[in-house]
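Data file: run.tsv. Format and content: TSV, C-alpha atoms.
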```tsv
chain	number	residue	atom	x	y	z
A	236	MET	CA	171.52	151.20	66.99
A	237	PRO	CA	168.53	150.25	64.80
A	238	ILE	CA	167.14	152.58	62.20
A	239	ASN	CA	163.56	153.56	62.97
A	240	VAL	CA	161.00	153.30	60.15
A	241	LEU	CA	157.57	154.82	60.72
A	242	PHE	CA	154.71	153.47	58.62
A	243	ALA	CA	152.36	156.45	58.18
A	244	ALA	CA	149.26	155.28	56.34
A	245	HIS	CA	145.79	154.01	57.09
A	246	GLU	CA	145.36	150.82	59.10
A	247	LYS	CA	144.29	148.83	56.04
A	248	ARG	CA	147.64	149.56	54.40
A	249	TRP	CA	149.54	148.42	57.49
A	250	ALA	CA	147.81	145.06	57.31
A	251	GLN	CA	148.92	144.74	53.68
A	252	TYR	CA	152.46	146.01	54.10
A	253	GLU	CA	153.77	144.94	57.50
A	254	ALA	CA	154.90	141.45	56.57
A	255	PRO	CA	156.30	142.33	53.09
A	256	LEU	CA	158.16	145.33	54.51
A	257	ARG	CA	159.73	143.25	57.25
A	258	THR	CA	160.79	140.66	54.70
A	259	ALA	CA	162.28	143.32	52.41
A	260	LEU	CA	164.12	145.04	55.27
A	261	ASP	CA	165.42	141.68	56.52
A	262	ASP	CA	166.71	140.96	53.03
A	263	ILE	CA	168.83	144.14	52.86
A	264	GLY	CA	170.42	143.23	56.18
A	265	VAL	CA	169.74	146.35	58.25
A	266	ASP	CA	168.97	146.51	61.95
A	267	TYR	CA	165.60	148.22	62.09
A	268	SER	CA	162.49	148.97	64.06
A	269	LEU	CA	159.25	149.22	62.04
A	270	ALA	CA	156.04	150.53	63.63
A	271	THR	CA	152.98	152.70	63.07
A	272	ASP	CA	153.77	154.85	66.11
A	273	MET	CA	157.08	156.04	67.55
A	274	PRO	CA	158.47	159.28	69.00
A	275	PRO	CA	158.89	161.72	66.08
A	276	ALA	CA	162.39	162.76	67.14
A	277	GLU	CA	163.55	159.14	66.80
A	278	VAL	CA	162.24	158.46	63.27
A	279	ASP	CA	164.79	157.96	60.47
A	280	TYR	CA	162.46	157.14	57.56
A	281	ILE	CA	158.74	157.52	56.96
A	282	VAL	CA	156.93	155.12	54.63
A	283	TYR	CA	154.19	157.50	53.64
A	284	ALA	CA	150.68	157.81	52.29
A	285	PRO	CA	149.85	161.49	51.68
A	286	ASN	CA	146.39	161.03	53.23
A	287	SER	CA	147.87	159.78	56.51
A	288	PRO	CA	147.54	161.74	59.77
A	289	VAL	CA	151.18	162.85	59.44
A	290	GLN	CA	151.01	166.27	57.83
A	291	ASP	CA	153.48	168.29	59.91
A	292	PHE	CA	157.03	166.97	59.53
A	293	THR	CA	158.59	169.57	61.82
A	294	PRO	CA	158.85	167.25	64.88
A	295	TYR	CA	160.77	164.64	62.85
A	296	THR	CA	164.17	166.16	63.51
A	297	ARG	CA	166.18	163.02	62.67
A	298	LEU	CA	164.29	162.25	59.47
A	299	LYS	CA	166.42	161.24	56.47
A	300	ALA	CA	163.75	160.66	53.80
A	301	VAL	CA	160.03	160.23	53.15
A	302	LEU	CA	159.21	157.28	50.90
A	303	ASN	CA	155.85	157.45	49.17
A	304	LEU	CA	153.62	154.38	48.98
A	305	TRP	CA	152.31	155.25	45.51
A	306	ALA	CA	153.28	157.21	42.41
A	307	GLY	CA	151.15	160.33	42.95
A	308	VAL	CA	152.81	162.98	45.10
A	309	GLU	CA	150.72	166.06	44.35
A	310	ASP	CA	149.01	166.02	47.75
A	311	ALA	CA	152.30	166.29	49.65
A	312	VAL	CA	154.92	167.85	47.39
A	313	GLY	CA	153.88	171.38	48.36
A	314	ASN	CA	153.96	170.74	52.11
A	315	PRO	CA	156.29	173.44	53.48
A	316	THR	CA	157.29	171.28	56.46
A	317	LEU	CA	158.54	168.46	54.21
A	318	LYS	CA	162.17	169.48	53.74
A	319	VAL	CA	163.94	166.12	53.50
A	320	PRO	CA	164.30	164.02	50.31
A	321	TYR	CA	160.89	162.81	49.12
A	322	ALA	CA	160.76	159.76	46.83
A	323	ARG	CA	157.79	158.72	44.74
A	324	MET	CA	156.95	155.06	44.29
A	325	VAL	CA	158.32	153.43	41.18
A	326	ASP	CA	157.41	149.75	41.25
A	327	ASP	CA	158.16	148.15	37.90
A	328	GLU	CA	157.03	144.70	39.03
A	329	GLY	CA	153.62	145.82	40.25
A	330	LEU	CA	152.49	149.37	39.56
A	331	THR	CA	154.19	149.78	36.18
A	332	GLN	CA	153.22	146.35	34.88
A	333	GLY	CA	149.64	146.84	36.03
A	334	MET	CA	149.43	150.17	34.19
A	335	VAL	CA	150.92	148.68	31.03
A	336	GLU	CA	148.35	145.88	31.06
A	337	TRP	CA	145.38	148.21	31.66
A	338	VAL	CA	146.43	150.76	29.06
A	339	THR	CA	147.30	148.14	26.46
A	340	GLY	CA	144.01	146.35	27.04
A	341	HIS	CA	141.89	149.44	26.54
A	342	THR	CA	143.98	150.60	23.58
A	343	LEU	CA	143.33	147.28	21.85
A	344	ARG	CA	139.67	147.37	22.88
A	345	HIS	CA	139.13	150.69	21.11
A	346	HIS	CA	141.38	149.84	18.18
A	347	LEU	CA	139.51	146.59	17.50
A	348	GLY	CA	136.04	148.05	18.14
A	349	MET	CA	135.29	145.37	20.72
A	350	ASP	CA	132.40	147.20	22.35
A	351	ALA	CA	130.23	146.85	19.25
A	352	HIS	CA	130.52	143.06	19.44
A	353	ILE	CA	130.34	142.67	23.20
A	354	MET	CA	127.23	144.87	23.43
A	355	ASN	CA	125.15	143.89	20.41
A	356	PRO	CA	121.58	143.29	21.66
A	357	ASP	CA	120.12	143.52	18.14
A	358	HIS	CA	122.51	140.85	16.83
A	359	LYS	CA	123.69	143.09	14.00
A	360	TRP	CA	126.04	141.47	11.51
A	361	VAL	CA	128.44	144.22	10.42
A	362	PRO	CA	131.61	142.63	8.99
A	363	ASP	CA	133.77	145.77	9.15
A	364	ALA	CA	137.35	144.86	10.01
A	365	PRO	CA	139.48	147.38	11.93
A	366	PRO	CA	142.70	148.79	10.45
A	367	VAL	CA	145.96	147.10	11.37
A	368	SER	CA	147.92	148.69	14.21
A	369	ALA	CA	150.36	150.44	11.85
A	370	ASP	CA	147.46	152.55	10.60
A	371	ARG	CA	146.27	153.66	14.07
A	372	PRO	CA	148.49	156.42	15.54
A	373	VAL	CA	148.55	156.54	19.33
A	374	GLY	CA	149.58	159.52	21.43
A	375	ILE	CA	150.71	159.62	25.05
A	376	LEU	CA	150.79	162.80	27.13
A	377	GLY	CA	153.31	162.23	29.91
A	378	LEU	CA	156.53	160.28	29.39
A	379	GLY	CA	157.60	159.45	32.91
A	380	GLU	CA	158.12	155.91	34.13
A	381	LEU	CA	154.53	154.88	33.42
A	382	GLY	CA	154.06	156.75	30.16
A	383	SER	CA	157.33	155.47	28.74
A	384	ALA	CA	156.55	151.87	29.67
A	385	CYS	CA	153.04	152.05	28.20
A	386	GLY	CA	154.25	153.74	25.02
A	387	GLN	CA	156.94	151.16	24.41
A	388	ALA	CA	154.52	148.28	25.01
A	389	ILE	CA	152.04	149.73	22.52
A	390	ALA	CA	154.81	150.41	20.00
A	391	ARG	CA	155.84	146.74	20.20
A	392	LEU	CA	152.34	145.86	18.98
A	393	GLY	CA	153.00	147.86	15.81
A	394	PHE	CA	151.22	151.13	16.64
A	395	PRO	CA	152.96	154.36	15.65
A	396	VAL	CA	153.42	156.08	19.04
A	397	SER	CA	154.14	159.73	19.65
A	398	GLY	CA	154.50	161.27	23.08
A	399	TRP	CA	154.66	164.66	24.75
A	400	ALA	CA	156.48	165.67	27.90
A	401	ARG	CA	157.47	168.86	29.70
A	402	SER	CA	161.13	168.26	28.83
A	403	GLN	CA	162.65	166.65	25.77
A	404	LYS	CA	162.96	162.87	25.97
A	405	GLN	CA	164.58	160.14	23.91
A	406	ILE	CA	162.69	156.85	24.27
A	407	GLY	CA	163.00	153.90	21.95
A	408	GLY	CA	159.88	153.28	19.88
A	409	ILE	CA	158.31	156.66	20.71
A	410	THR	CA	158.54	159.89	18.72
A	411	CYS	CA	158.99	162.42	21.51
A	412	HIS	CA	157.80	166.02	21.50
A	413	THR	CA	157.80	168.94	23.90
A	414	GLY	CA	156.51	172.51	23.93
A	415	THR	CA	153.31	174.01	22.57
A	416	ASP	CA	154.02	173.00	18.99
A	417	GLY	CA	154.89	169.49	20.12
A	418	LEU	CA	151.61	169.15	21.98
A	419	ARG	CA	149.71	170.22	18.88
A	420	ALA	CA	151.67	167.74	16.76
A	421	VAL	CA	150.83	164.83	19.09
A	422	LEU	CA	147.17	165.73	19.42
A	423	SER	CA	146.60	166.31	15.72
A	424	GLN	CA	147.58	162.75	14.79
A	425	SER	CA	146.39	160.71	17.79
A	426	GLN	CA	143.45	158.49	16.97
A	427	ILE	CA	143.88	157.09	20.48
A	428	LEU	CA	145.16	159.46	23.17
A	429	ILE	CA	146.44	158.25	26.57
A	430	LEU	CA	146.88	160.65	29.48
A	431	LEU	CA	149.64	159.90	31.98
A	432	LEU	CA	150.71	163.38	33.05
A	433	PRO	CA	151.15	164.26	36.72
A	434	SER	CA	148.61	166.55	38.36
A	435	THR	CA	150.11	170.02	38.72
A	436	PRO	CA	148.76	173.55	38.20
A	437	ALA	CA	150.44	173.51	34.78
A	438	THR	CA	148.72	170.30	33.65
A	439	GLU	CA	145.19	171.03	34.88
A	440	ASN	CA	142.71	171.02	31.98
A	441	THR	CA	145.39	169.95	29.50
A	442	LEU	CA	142.43	168.58	27.56
A	443	ASN	CA	140.02	171.47	27.18
A	444	ALA	CA	137.76	172.73	24.39
A	445	GLU	CA	140.72	174.02	22.36
A	446	THR	CA	142.96	170.96	22.68
A	447	LEU	CA	140.12	168.47	22.26
A	448	ALA	CA	139.36	170.15	18.93
A	449	MET	CA	142.94	169.38	17.81
A	450	LEU	CA	142.31	165.63	17.98
A	451	PRO	CA	141.14	163.84	14.83
A	452	LYS	CA	137.38	163.39	14.59
A	453	GLY	CA	136.44	160.05	16.10
A	454	ALA	CA	139.44	159.87	18.44
A	455	PHE	CA	139.39	157.81	21.63
A	456	ILE	CA	140.64	159.11	24.97
A	457	ILE	CA	142.04	156.91	27.75
A	458	ASN	CA	142.80	158.58	31.09
A	459	PRO	CA	144.45	156.51	33.82
A	460	GLY	CA	146.56	159.51	34.90
A	461	ARG	CA	144.79	162.19	36.94
A	462	GLY	CA	141.23	163.53	36.89
A	463	PRO	CA	142.12	167.24	36.69
A	464	LEU	CA	143.91	166.72	33.38
A	465	ILE	CA	140.53	166.94	31.63
A	466	ASP	CA	137.93	169.69	31.59
A	467	ASP	CA	134.87	167.48	32.21
A	468	ASP	CA	132.36	169.86	30.62
A	469	ALA	CA	134.46	170.30	27.49
A	470	LEU	CA	134.83	166.53	27.17
A	471	LEU	CA	131.08	166.01	27.44
A	472	VAL	CA	130.51	168.57	24.67
A	473	ALA	CA	133.07	166.84	22.45
A	474	LEU	CA	131.46	163.45	23.11
A	475	ASP	CA	127.96	164.74	22.41
A	476	SER	CA	129.08	166.27	19.10
A	477	GLY	CA	130.76	163.02	18.03
A	478	HIS	CA	134.16	164.63	17.72
A	479	ILE	CA	135.38	162.25	20.43
A	480	ALA	CA	134.14	158.70	19.86
A	481	HIS	CA	134.62	157.42	23.40
A	482	ALA	CA	136.41	158.22	26.65
A	483	THR	CA	137.61	155.52	29.04
A	484	LEU	CA	138.26	157.19	32.38
A	485	ASP	CA	139.83	155.66	35.48
A	486	VAL	CA	140.49	158.86	37.47
A	487	PHE	CA	138.28	161.79	38.39
A	488	ARG	CA	138.32	165.15	40.14
A	489	VAL	CA	136.17	163.70	42.92
A	490	GLU	CA	136.50	160.04	43.91
A	491	PRO	CA	134.45	157.97	44.22
A	492	LEU	CA	132.77	159.54	41.20
A	493	PRO	CA	129.43	160.98	42.44
A	494	GLN	CA	126.41	158.88	41.48
A	495	ASP	CA	124.80	161.81	39.66
A	496	HIS	CA	127.85	162.66	37.54
A	497	PRO	CA	127.02	162.66	33.80
A	498	PHE	CA	129.91	160.30	33.04
A	499	TRP	CA	128.04	157.37	34.60
A	500	ALA	CA	125.12	157.57	32.18
A	501	HIS	CA	126.89	158.75	29.04
A	502	PRO	CA	126.84	156.08	26.30
A	503	ARG	CA	130.31	157.10	25.10
A	504	VAL	CA	132.04	157.00	28.48
A	505	THR	CA	133.48	154.01	30.29
A	506	VAL	CA	134.06	154.56	34.01
A	507	THR	CA	136.50	152.32	35.86
A	508	PRO	CA	136.99	152.86	39.63
A	509	HIS	CA	140.65	153.96	39.80
A	510	ILE	CA	141.95	150.45	39.17
A	511	ALA	CA	144.30	151.03	36.23
A	512	SER	CA	147.26	150.36	38.46
A	513	GLU	CA	147.97	149.70	42.09
A	514	THR	CA	151.15	149.15	44.01
A	515	ARG	CA	151.63	145.54	45.04
A	516	ALA	CA	152.88	145.27	48.60
A	517	PRO	CA	155.72	142.73	48.03
A	518	SER	CA	157.35	144.54	45.10
A	519	ALA	CA	156.66	148.03	46.52
A	520	SER	CA	158.25	146.96	49.80
A	521	ARG	CA	161.39	145.94	47.96
A	522	ALA	CA	161.54	149.36	46.29
A	523	ILE	CA	161.16	151.07	49.69
A	524	ALA	CA	163.81	148.87	51.28
A	525	GLU	CA	166.25	149.63	48.48
A	526	ASN	CA	165.94	153.36	49.14
A	527	ILE	CA	166.50	152.76	52.86
A	528	ARG	CA	169.58	150.69	52.02
A	529	ARG	CA	170.84	153.53	49.85
A	530	GLY	CA	170.23	156.09	52.57
A	531	GLU	CA	172.19	154.06	55.09
A	532	ALA	CA	175.02	153.44	52.60
A	533	GLY	CA	175.31	157.11	51.68
A	534	GLU	CA	174.17	156.46	48.11
A	535	PRO	CA	171.72	158.71	46.21
A	536	PHE	CA	168.04	157.95	46.76
A	537	LEU	CA	166.07	156.71	43.76
A	538	HIS	CA	163.06	158.49	42.20
A	539	LEU	CA	163.28	161.75	44.14
A	540	VAL	CA	160.49	164.25	43.55
A	541	ASP	CA	161.37	167.46	41.73
A	542	ARG	CA	159.88	170.04	44.09
A	543	ASP	CA	159.89	172.80	41.48
A	544	ALA	CA	158.16	170.68	38.84
A	545	GLY	CA	155.75	169.20	41.39
A	546	TYR	CA	156.35	165.53	40.53
```

Just give me the structure as structure tokens.
Amino acid sequence: MPINVLFAAHEKRWAQYEAPLRTALDDIGVDYSLATDMPPAEVDYIVYAPNSPVQDFTPYTRLKAVLNLWAGVEDAVGNPTLKVPYARMVDDEGLTQGMVEWVTGHTLRHHLGMDAHIMNPDHKWVPDAPPVSADRPVGILGLGELGSACGQAIARLGFPVSGWARSQKQIGGITCHTGTDGLRAVLSQSQILILLLPSTPATENTLNAETLAMLPKGAFIINPGRGPLIDDDALLVALDSGHIAHATLDVFRVEPLPQDHPFWAHPRVTVTPHIASETRAPSASRAIAENIRRGEAGEPFLHLVDRDAGY
């Protein structure tokens, strides 16, 4: 009897994922049926985008697991009808590598002061060399899969890296902190601060007027994590005062970012359109297939969401 896999996402995603998913499922050697529509009572696994039409999981009485198509789970983790194991996407080949490249690129951009040379209409000759990486402390808020990978990549370039997480971590190359005092310690020394926390009620406005003031004057902020991590108004005040030198933002409370939002016109803000990282269908499909293989073999699923923590 084949296992039934429902692909619950927008039509565009199906076009991207159908062939790679079939290849990945073929490779693990299971007998399966994969479709975008099937009787709910016959579904074993749902490959899931939280913005799909499937919001009530009650009819899926045979369901073994829901496998997310991307890393963010905040839009579904609180769904009271979702009672089976729920796995977030961890795709080291695609999503993680893409995030490492984006974060590293913008960290180096701010460290080296590239903007002043790229945008120099007056042809100013200012031969001020940047410090070496060892003299530029970097902080990362959020030490999950993405934060850890980014922190270690930056540390390999010689930057002193400190990180903060909800629970204590031990990660090579990163000085790890937790708790209120730990957050203050990271912020107070971070000349470049990277936000990779999940979006939960506890993390909303992690950067606000009080915590922004803890950063060194002239610090840079890079946010590829979640829009609600930052109090937008407080950030604008800190930018206008010069306390924050620049903010590079890839995620926002409302997306696409409204055309009249002050971030678009602010000279100290770089807006990128939520492109810091994206799952790649071939590698993400292999991650999904591995969890299906595990489910069928009676092995623990990988990357299960902690319902209490919200991520």

Find the residues near Val312 of chain A: any atom within 9 Å, counting all atoms listed in the file, skip ones fewer than 5 places away on the same chain, and give them as a list in words.
->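 The residues satisfying every condition are Leu317, Tyr321, Val540, Asp541, Arg542, Gly545 and Tyr546 of chain A.
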
Dig up all the protein and nucleic acid residues within 12 Å of (146.0, 164.6, 18.6) in the file frame, using only C-alpha atoms, and format them as a ChimeraX atom specification.
-> /A:371-376,396-399,416-430,442,445-456,478-479

Within 6 Å of segment 339-348 of chain A using all atoms listed in the file, minus same-chain residues under 3 positions, as a short mmCIF file (atom, residue, chain, number, x, y, z; two decimals) with C-alpha atoms, in the frame of the given file:
```cif
data_model
loop_
_atom_site.label_atom_id
_atom_site.label_comp_id
_atom_site.auth_asym_id
_atom_site.auth_seq_id
_atom_site.Cartn_x
_atom_site.Cartn_y
_atom_site.Cartn_z
CA VAL A 335 150.92 148.68 31.03
CA GLU A 336 148.35 145.88 31.06
CA PRO A 365 139.48 147.38 11.93
#
```

Straight-line distance linking atom CA of Pro315 of chain A with atom CA of Gln403 of chain A, stated in Å to one decimal | 29.2 Å

Measuring atom to atom with all atoms listed in the file, identify which of A:Pro535, A:Pro237, A:Pro508, A:Gly460 is nearest to Gly377 of chain A.
->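 When distances to Gly377 of chain A are compared using all atoms listed in the file, the smallest one comes from A:Gly460.
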
Within 12 Å of Trp249 of chain A using all atoms listed in the file, minus same-chain residues under 4 positions, as number ranges by chain = A: 241-245, 253-257, 269-272, 282-284, 287, 304, 516, 520

Write a file of the selected residues as an mmCIF file, keeping the file's coordinate frame, keeping C-alpha atoms.
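Here's the written file again.cif:
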```cif
data_model
loop_
_atom_site.group_PDB
_atom_site.id
_atom_site.type_symbol
_atom_site.label_atom_id
_atom_site.label_comp_id
_atom_site.auth_asym_id
_atom_site.auth_seq_id
_atom_site.Cartn_x
_atom_site.Cartn_y
_atom_site.Cartn_z
ATOM 1 C CA LEU A 241 157.570 154.820 60.720
ATOM 2 C CA PHE A 242 154.710 153.470 58.620
ATOM 3 C CA ALA A 243 152.360 156.450 58.180
ATOM 4 C CA ALA A 244 149.260 155.280 56.340
ATOM 5 C CA HIS A 245 145.790 154.010 57.090
ATOM 6 C CA GLU A 253 153.770 144.940 57.500
ATOM 7 C CA ALA A 254 154.900 141.450 56.570
ATOM 8 C CA PRO A 255 156.300 142.330 53.090
ATOM 9 C CA LEU A 256 158.160 145.330 54.510
ATOM 10 C CA ARG A 257 159.730 143.250 57.250
ATOM 11 C CA LEU A 269 159.250 149.220 62.040
ATOM 12 C CA ALA A 270 156.040 150.530 63.630
ATOM 13 C CA THR A 271 152.980 152.700 63.070
ATOM 14 C CA ASP A 272 153.770 154.850 66.110
ATOM 15 C CA VAL A 282 156.930 155.120 54.630
ATOM 16 C CA TYR A 283 154.190 157.500 53.640
ATOM 17 C CA ALA A 284 150.680 157.810 52.290
ATOM 18 C CA SER A 287 147.870 159.780 56.510
ATOM 19 C CA LEU A 304 153.620 154.380 48.980
ATOM 20 C CA ALA A 516 152.880 145.270 48.600
ATOM 21 C CA SER A 520 158.250 146.960 49.800
#
```

Can you tell me which residues surround segment 493-507 of chain A at a distance of at most 9 Å, considering only C-alpha atoms, apart from same-chain residues fewer than 6 positions away, and format the answer as a PDB file with C-alpha atoms, keeping the file's coordinate frame?
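In the end it all went to result-v6.pdb:
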```pdb
ATOM      1  CA  ASP A 467     134.870 167.480  32.210  1.00  0.00           C
ATOM      2  CA  LEU A 471     131.080 166.010  27.440  1.00  0.00           C
ATOM      3  CA  LEU A 474     131.460 163.450  23.110  1.00  0.00           C
ATOM      4  CA  ASP A 475     127.960 164.740  22.410  1.00  0.00           C
ATOM      5  CA  ILE A 479     135.380 162.250  20.430  1.00  0.00           C
ATOM      6  CA  ALA A 480     134.140 158.700  19.860  1.00  0.00           C
ATOM      7  CA  HIS A 481     134.620 157.420  23.400  1.00  0.00           C
ATOM      8  CA  ALA A 482     136.410 158.220  26.650  1.00  0.00           C
ATOM      9  CA  THR A 483     137.610 155.520  29.040  1.00  0.00           C
ATOM     10  CA  LEU A 484     138.260 157.190  32.380  1.00  0.00           C
ATOM     11  CA  ASP A 485     139.830 155.660  35.480  1.00  0.00           C
ATOM     12  CA  VAL A 486     140.490 158.860  37.470  1.00  0.00           C
TER      13      VAL A 486
END
```

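In this model, the gap between atom CA of Asp327 of chain A and atom CA of Glu380 of chain A comes to 8.6 Å.
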
For the atom pair atom CA of Ala259 of chain A and atom CA of Asn314 of chain A, what is the interatomic distance in Å to one decimal place?
-> 28.7 Å

Please identify all polymer residues within 10 Å of Leu302 of chain A, counting all atoms listed in the file, omitting same-chain residues fewer than 3 positions from it, and present them as a ChimeraX atom specification.
-> /A:242,280-284,299,305,320-324,522-524,526-527,536-539

Return the single residue from A:Lys318, A:Arg488, A:Cys411, A:Asp326 that is closest to Glu439 of chain A, with distances computed using only C-alpha atoms.
->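 Ranked by minimum distance to Glu439 of chain A, first place goes to A:Arg488.
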
Centre and edges of the segment 324-331 of chain A box, axis-aligned, 8 Å extra per side, as AutoDock Vina command-line options:
```
--center_x 155.4 --center_y 149.9 --center_z 40.2 --size_x 21.8 --size_y 26.4 --size_z 24.1
```

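For the residues A:Phe487, A:Tyr267, A:Phe394, A:Phe292, ranking by smallest atom-to-atom distance to Arg461 of chain A using all atoms listed in the file places A:Phe487 first.
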
Rank A:Gly393, A:Pro294, A:Pro433, A:Gly307 by their smallest atom-to-atom distance to Thr514 of chain A, using only C-alpha atoms, and report the top residue only.
-> A:Gly307

Would you list the residues near (154.5, 150.8, 23.6), meaning any protein, DNA or RNA residue with an atom at most 9 Å from that point in file coordinates, counting only C-alpha atoms, as a list in words?
-> Val335, Thr339, Gly382, Ser383, Ala384, Cys385, Gly386, Gln387, Ala388, Ile389, Ala390, Arg391, Leu392, Gly393, Phe394, Pro395, Val396, Gly408 and Ile409 of chain A
